[in-house]
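Taking it in order: structure first as structure tokens, then the write-up.
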Amino acid sequence: MDDKNGALERLKATMDEAERLDMSSVKIGDIIYVPLDEEDGLILKNGYDDRKKYIVVIGFTPEGVAIGALLINSEIDSFKKRSKELLNCQYPLLVRNYRSILDYDSWLDCSDIFELSKQKIMEKNGKLKGCLIPEDRERVIEFLKETDVFDNATKKTLWHYIGQLTNNGF
């Protein structure tokens with residue numbers, strides 16, 4: 001296809017601009033697409049150095065330099081399938097609610113909270129892809145408030161995030 005007028009290139013530039021991430025405007029429930037590696041806490045398989053992942057923002061550190069996030073996975077990890085407690089921490093995200101983001105029904109893993117530097121997300125060219133629908137956001141927050149899956153140190157961090165969620169009216 002010949003693009004003499006550069007229309008395709010301008011369209012790509014417009015789309016990139018729309019997805020450009022401004023960390024100062026990131027909100028609870030926002031979905032970001034970013035490469036993660038072992039340094040971020042991701043377990044990599046098959047020789048990968050990093051993996052592009054969708055993450056959902058659940059809060060911010062007190063200093064505001066990092067976010068708390070949950071991972072979206074296309075499949076539930078086999079290790080988590082063997083544990084009823086961890087399996088119960090997988091929240092379904094239906095493709096019909098996220099057509100611009102997901103290609104198929106996926107899972108929000110509420111058993112692990114990742115703390116990621118805002119600067120690193122920017123340096124890795126993270127892209128804002130959307131936001132959880134209100135119903136999913138409310139259900140995930142309620143689950144995080146009530147779960148017993150985290151140890152005390154993680155709960156302390158989690159409660160900081162949940163406190164922000166509550167204070168922001170979620």
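By order of appearance in the structure tokens: chains A, B, ..., then residues from 1 within every chain, and ligands from 1 in the order shown.
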Neighbouring residues of range 49-61 of chain A were defined as those with any atom within 7 Å, considering only C-alpha atoms; residues of the same chain fewer than 2 positions away were excluded. Please report them as a PDB file with C-alpha atoms, in the first residue's frame.
```
ATOM      1  CA  ILE A  28      -6.452   4.181  40.497  1.00  0.00           C
ATOM      2  CA  GLY A  29      -7.731   1.528  38.089  1.00  0.00           C
ATOM      3  CA  ASP A  30      -5.708   2.772  35.095  1.00  0.00           C
ATOM      4  CA  ILE A  31      -4.331   0.031  32.857  1.00  0.00           C
ATOM      5  CA  ILE A  32      -0.749   0.514  31.654  1.00  0.00           C
ATOM      6  CA  TYR A  33       1.168  -1.600  29.121  1.00  0.00           C
ATOM      7  CA  VAL A  34       4.850  -1.781  30.052  1.00  0.00           C
ATOM      8  CA  PRO A  35       7.821  -4.168  29.739  1.00  0.00           C
ATOM      9  CA  LEU A  36       8.677  -5.765  33.100  1.00  0.00           C
ATOM     10  CA  ASP A  37      11.724  -7.811  34.078  1.00  0.00           C
ATOM     11  CA  LEU A  44      10.594 -14.823  33.409  1.00  0.00           C
ATOM     12  CA  GLY A  47      14.925 -17.071  28.101  1.00  0.00           C
ATOM     13  CA  GLU A  63       6.306   9.757  48.503  1.00  0.00           C
ATOM     14  CA  GLY A  64       4.484   9.397  45.208  1.00  0.00           C
ATOM     15  CA  VAL A  65       7.543   7.973  43.452  1.00  0.00           C
ATOM     16  CA  ALA A  66       6.080   4.530  42.818  1.00  0.00           C
ATOM     17  CA  ILE A  67       2.798   2.815  42.130  1.00  0.00           C
ATOM     18  CA  GLY A  68       1.268  -0.372  43.461  1.00  0.00           C
ATOM     19  CA  ALA A  69       0.037  -2.542  40.631  1.00  0.00           C
ATOM     20  CA  LEU A  70      -1.561  -5.883  39.816  1.00  0.00           C
ATOM     21  CA  LEU A  71      -0.771  -7.904  36.689  1.00  0.00           C
ATOM     22  CA  ILE A  72      -3.220  -8.929  34.003  1.00  0.00           C
ATOM     23  CA  TYR A 161      -3.046   1.735  48.990  1.00  0.00           C
ATOM     24  CA  GLN A 164      -5.994   6.012  49.397  1.00  0.00           C
TER      25      GLN A 164
END
```
### Message
Please compute the CA of Asp136 in chain A-CA of Asp109 in chain A distance, one decimal, in Å.
### Response
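Computed distance, CA of Asp136 in chain A to CA of Asp109 in chain A, equals 12.9 Å.
Ranking A:Lys127, A:Lys118, A:Cys110, A:Arg96 by their shortest atom-to-atom distance to Lys145 in chain A, with only C-alpha atoms included, puts A:Cys110 first.
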### Task
Apply DSSP to the structure's backbone, then extract all residues of range 91-154 of chain A labelled strand (DSSP E) and return them as a list in words.
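The residues of range 91-154 of chain A classed as strand (DSSP E) are Tyr91, Pro92, Leu93, Ser106, Trp107, Leu108, Asp109, Cys110, Ser111, Asp112, Ile113, Phe114, Glu115, Leu116, Ser117, Lys127, Leu128, Lys129, Gly130 and Cys131 of chain A.
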Would you export the selected residues with N, CA and C atoms as a PDB file, in the first residue's frame, please?
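Result file out_10.pdb:
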```pdb
ATOM      1  N   TYR A  91      -9.055 -12.535  39.398  1.00  0.00           N
ATOM      2  CA  TYR A  91     -10.311 -11.864  39.069  1.00  0.00           C
ATOM      3  C   TYR A  91     -10.485 -11.835  37.548  1.00  0.00           C
ATOM      4  N   PRO A  92     -11.624 -12.325  37.049  1.00  0.00           N
ATOM      5  CA  PRO A  92     -11.820 -12.369  35.590  1.00  0.00           C
ATOM      6  C   PRO A  92     -12.083 -10.980  34.996  1.00  0.00           C
ATOM      7  N   LEU A  93     -11.382 -10.689  33.907  1.00  0.00           N
ATOM      8  CA  LEU A  93     -11.635  -9.485  33.120  1.00  0.00           C
ATOM      9  C   LEU A  93     -12.158  -9.949  31.767  1.00  0.00           C
ATOM     10  N   SER A 106      -9.347 -12.508  30.302  1.00  0.00           N
ATOM     11  CA  SER A 106      -8.070 -12.581  31.003  1.00  0.00           C
ATOM     12  C   SER A 106      -8.309 -12.539  32.500  1.00  0.00           C
ATOM     13  N   TRP A 107      -7.198 -12.521  33.264  1.00  0.00           N
ATOM     14  CA  TRP A 107      -7.272 -12.607  34.715  1.00  0.00           C
ATOM     15  C   TRP A 107      -6.424 -11.526  35.362  1.00  0.00           C
ATOM     16  N   LEU A 108      -7.001 -10.828  36.321  1.00  0.00           N
ATOM     17  CA  LEU A 108      -6.255  -9.865  37.125  1.00  0.00           C
ATOM     18  C   LEU A 108      -5.775 -10.614  38.354  1.00  0.00           C
ATOM     19  N   ASP A 109      -4.454 -10.712  38.504  1.00  0.00           N
ATOM     20  CA  ASP A 109      -3.864 -11.474  39.611  1.00  0.00           C
ATOM     21  C   ASP A 109      -3.804 -10.599  40.865  1.00  0.00           C
ATOM     22  N   CYS A 110      -4.715 -10.851  41.787  1.00  0.00           N
ATOM     23  CA  CYS A 110      -4.794 -10.081  43.035  1.00  0.00           C
ATOM     24  C   CYS A 110      -3.989 -10.732  44.151  1.00  0.00           C
ATOM     25  N   SER A 111      -3.120 -11.691  43.820  1.00  0.00           N
ATOM     26  CA  SER A 111      -2.314 -12.361  44.852  1.00  0.00           C
ATOM     27  C   SER A 111      -0.924 -11.749  44.994  1.00  0.00           C
ATOM     28  N   ASP A 112      -0.527 -10.876  44.083  1.00  0.00           N
ATOM     29  CA  ASP A 112       0.786 -10.235  44.130  1.00  0.00           C
ATOM     30  C   ASP A 112       0.637  -8.752  43.829  1.00  0.00           C
ATOM     31  N   ILE A 113       1.226  -7.934  44.688  1.00  0.00           N
ATOM     32  CA  ILE A 113       1.270  -6.494  44.424  1.00  0.00           C
ATOM     33  C   ILE A 113       2.677  -6.153  43.985  1.00  0.00           C
ATOM     34  N   PHE A 114       2.786  -5.481  42.851  1.00  0.00           N
ATOM     35  CA  PHE A 114       4.078  -5.042  42.348  1.00  0.00           C
ATOM     36  C   PHE A 114       4.233  -3.556  42.640  1.00  0.00           C
ATOM     37  N   GLU A 115       5.369  -3.174  43.221  1.00  0.00           N
ATOM     38  CA  GLU A 115       5.668  -1.763  43.427  1.00  0.00           C
ATOM     39  C   GLU A 115       6.659  -1.354  42.344  1.00  0.00           C
ATOM     40  N   LEU A 116       6.237  -0.442  41.508  1.00  0.00           N
ATOM     41  CA  LEU A 116       7.029  -0.051  40.346  1.00  0.00           C
ATOM     42  C   LEU A 116       7.309   1.445  40.375  1.00  0.00           C
ATOM     43  N   SER A 117       8.539   1.817  40.098  1.00  0.00           N
ATOM     44  CA  SER A 117       8.941   3.214  40.039  1.00  0.00           C
ATOM     45  C   SER A 117       8.259   3.913  38.867  1.00  0.00           C
ATOM     46  N   LYS A 127       2.633   2.623  28.281  1.00  0.00           N
ATOM     47  CA  LYS A 127       1.522   3.227  27.536  1.00  0.00           C
ATOM     48  C   LYS A 127       0.229   3.087  28.324  1.00  0.00           C
ATOM     49  N   LEU A 128      -0.506   4.190  28.446  1.00  0.00           N
ATOM     50  CA  LEU A 128      -1.817   4.158  29.072  1.00  0.00           C
ATOM     51  C   LEU A 128      -2.796   3.554  28.082  1.00  0.00           C
ATOM     52  N   LYS A 129      -3.429   2.435  28.470  1.00  0.00           N
ATOM     53  CA  LYS A 129      -4.311   1.716  27.546  1.00  0.00           C
ATOM     54  C   LYS A 129      -5.789   1.839  27.893  1.00  0.00           C
ATOM     55  N   GLY A 130      -6.091   2.221  29.122  1.00  0.00           N
ATOM     56  CA  GLY A 130      -7.486   2.320  29.513  1.00  0.00           C
ATOM     57  C   GLY A 130      -7.621   2.291  31.014  1.00  0.00           C
ATOM     58  N   CYS A 131      -8.792   1.891  31.466  1.00  0.00           N
ATOM     59  CA  CYS A 131      -9.090   1.869  32.903  1.00  0.00           C
ATOM     60  C   CYS A 131     -10.082   0.737  33.177  1.00  0.00           C
TER      61      CYS A 131
END
```
### Message
From a backbone DSSP assignment, name each residue in chain A labelled alpha helix (DSSP H), as a ChimeraX atom specification.
### Response
/A:7-19,78-81,84-87,118-123,134-146,152-167
How about saving the chosen residues, C-alpha atoms kept, as an mmCIF file, in the first residue's frame?
```
data_model
loop_
_atom_site.group_PDB
_atom_site.id
_atom_site.type_symbol
_atom_site.label_atom_id
_atom_site.label_comp_id
_atom_site.auth_asym_id
_atom_site.auth_seq_id
_atom_site.Cartn_x
_atom_site.Cartn_y
_atom_site.Cartn_z
ATOM 1 C CA ALA A 7 -1.571 9.586 6.361
ATOM 2 C CA LEU A 8 -0.666 6.249 7.936
ATOM 3 C CA GLU A 9 2.420 7.718 9.605
ATOM 4 C CA ARG A 10 0.377 10.664 10.981
ATOM 5 C CA LEU A 11 -2.273 8.250 12.277
ATOM 6 C CA LYS A 12 0.402 6.191 14.076
ATOM 7 C CA ALA A 13 1.885 9.370 15.601
ATOM 8 C CA THR A 14 -1.569 10.489 16.768
ATOM 9 C CA MET A 15 -2.229 7.085 18.352
ATOM 10 C CA ASP A 16 1.188 7.077 20.075
ATOM 11 C CA GLU A 17 0.515 10.547 21.457
ATOM 12 C CA ALA A 18 -2.868 9.457 22.825
ATOM 13 C CA GLU A 19 -1.218 6.551 24.659
ATOM 14 C CA SER A 78 -0.285 -23.456 36.866
ATOM 15 C CA PHE A 79 1.276 -22.933 40.318
ATOM 16 C CA LYS A 80 -1.662 -20.715 41.310
ATOM 17 C CA LYS A 81 -4.161 -23.212 39.914
ATOM 18 C CA LYS A 84 -7.317 -22.826 46.129
ATOM 19 C CA GLU A 85 -6.297 -19.685 48.033
ATOM 20 C CA LEU A 86 -4.256 -18.294 45.108
ATOM 21 C CA LEU A 87 -6.810 -19.424 42.539
ATOM 22 C CA LYS A 118 7.083 5.868 38.075
ATOM 23 C CA GLN A 119 10.388 6.919 36.524
ATOM 24 C CA LYS A 120 11.121 3.375 35.369
ATOM 25 C CA ILE A 121 7.664 3.061 33.810
ATOM 26 C CA MET A 122 8.336 6.284 31.886
ATOM 27 C CA GLU A 123 11.831 5.133 30.866
ATOM 28 C CA PRO A 134 -16.286 0.855 37.683
ATOM 29 C CA GLU A 135 -17.867 -2.512 38.583
ATOM 30 C CA ASP A 136 -14.543 -4.363 38.255
ATOM 31 C CA ARG A 137 -12.638 -1.644 40.114
ATOM 32 C CA GLU A 138 -15.080 -1.776 43.059
ATOM 33 C CA ARG A 139 -15.014 -5.591 43.242
ATOM 34 C CA VAL A 140 -11.193 -5.737 43.109
ATOM 35 C CA ILE A 141 -10.879 -3.098 45.827
ATOM 36 C CA GLU A 142 -13.344 -4.965 48.051
ATOM 37 C CA PHE A 143 -11.404 -8.174 47.506
ATOM 38 C CA LEU A 144 -8.103 -6.471 48.382
ATOM 39 C CA LYS A 145 -9.641 -5.027 51.550
ATOM 40 C CA GLU A 146 -10.927 -8.421 52.688
ATOM 41 C CA ASN A 152 1.742 -8.548 57.537
ATOM 42 C CA ALA A 153 4.410 -6.528 55.691
ATOM 43 C CA THR A 154 2.449 -6.718 52.450
ATOM 44 C CA LYS A 155 -0.787 -5.885 54.272
ATOM 45 C CA LYS A 156 0.844 -2.736 55.618
ATOM 46 C CA THR A 157 1.647 -1.659 52.073
ATOM 47 C CA LEU A 158 -1.741 -2.819 50.864
ATOM 48 C CA TRP A 159 -3.582 -0.889 53.562
ATOM 49 C CA HIS A 160 -1.750 2.246 52.524
ATOM 50 C CA TYR A 161 -3.046 1.735 48.990
ATOM 51 C CA ILE A 162 -6.534 0.786 50.157
ATOM 52 C CA GLY A 163 -6.619 3.833 52.440
ATOM 53 C CA GLN A 164 -5.994 6.012 49.397
ATOM 54 C CA LEU A 165 -8.715 4.212 47.511
ATOM 55 C CA THR A 166 -11.181 4.768 50.339
ATOM 56 C CA ASN A 167 -10.192 8.430 50.707
#
```
#### Entry: Separation of CA of Thr147 in chain A from CA of Cys89 in chain A, in Å and rounded to one decimal
8.4 Å
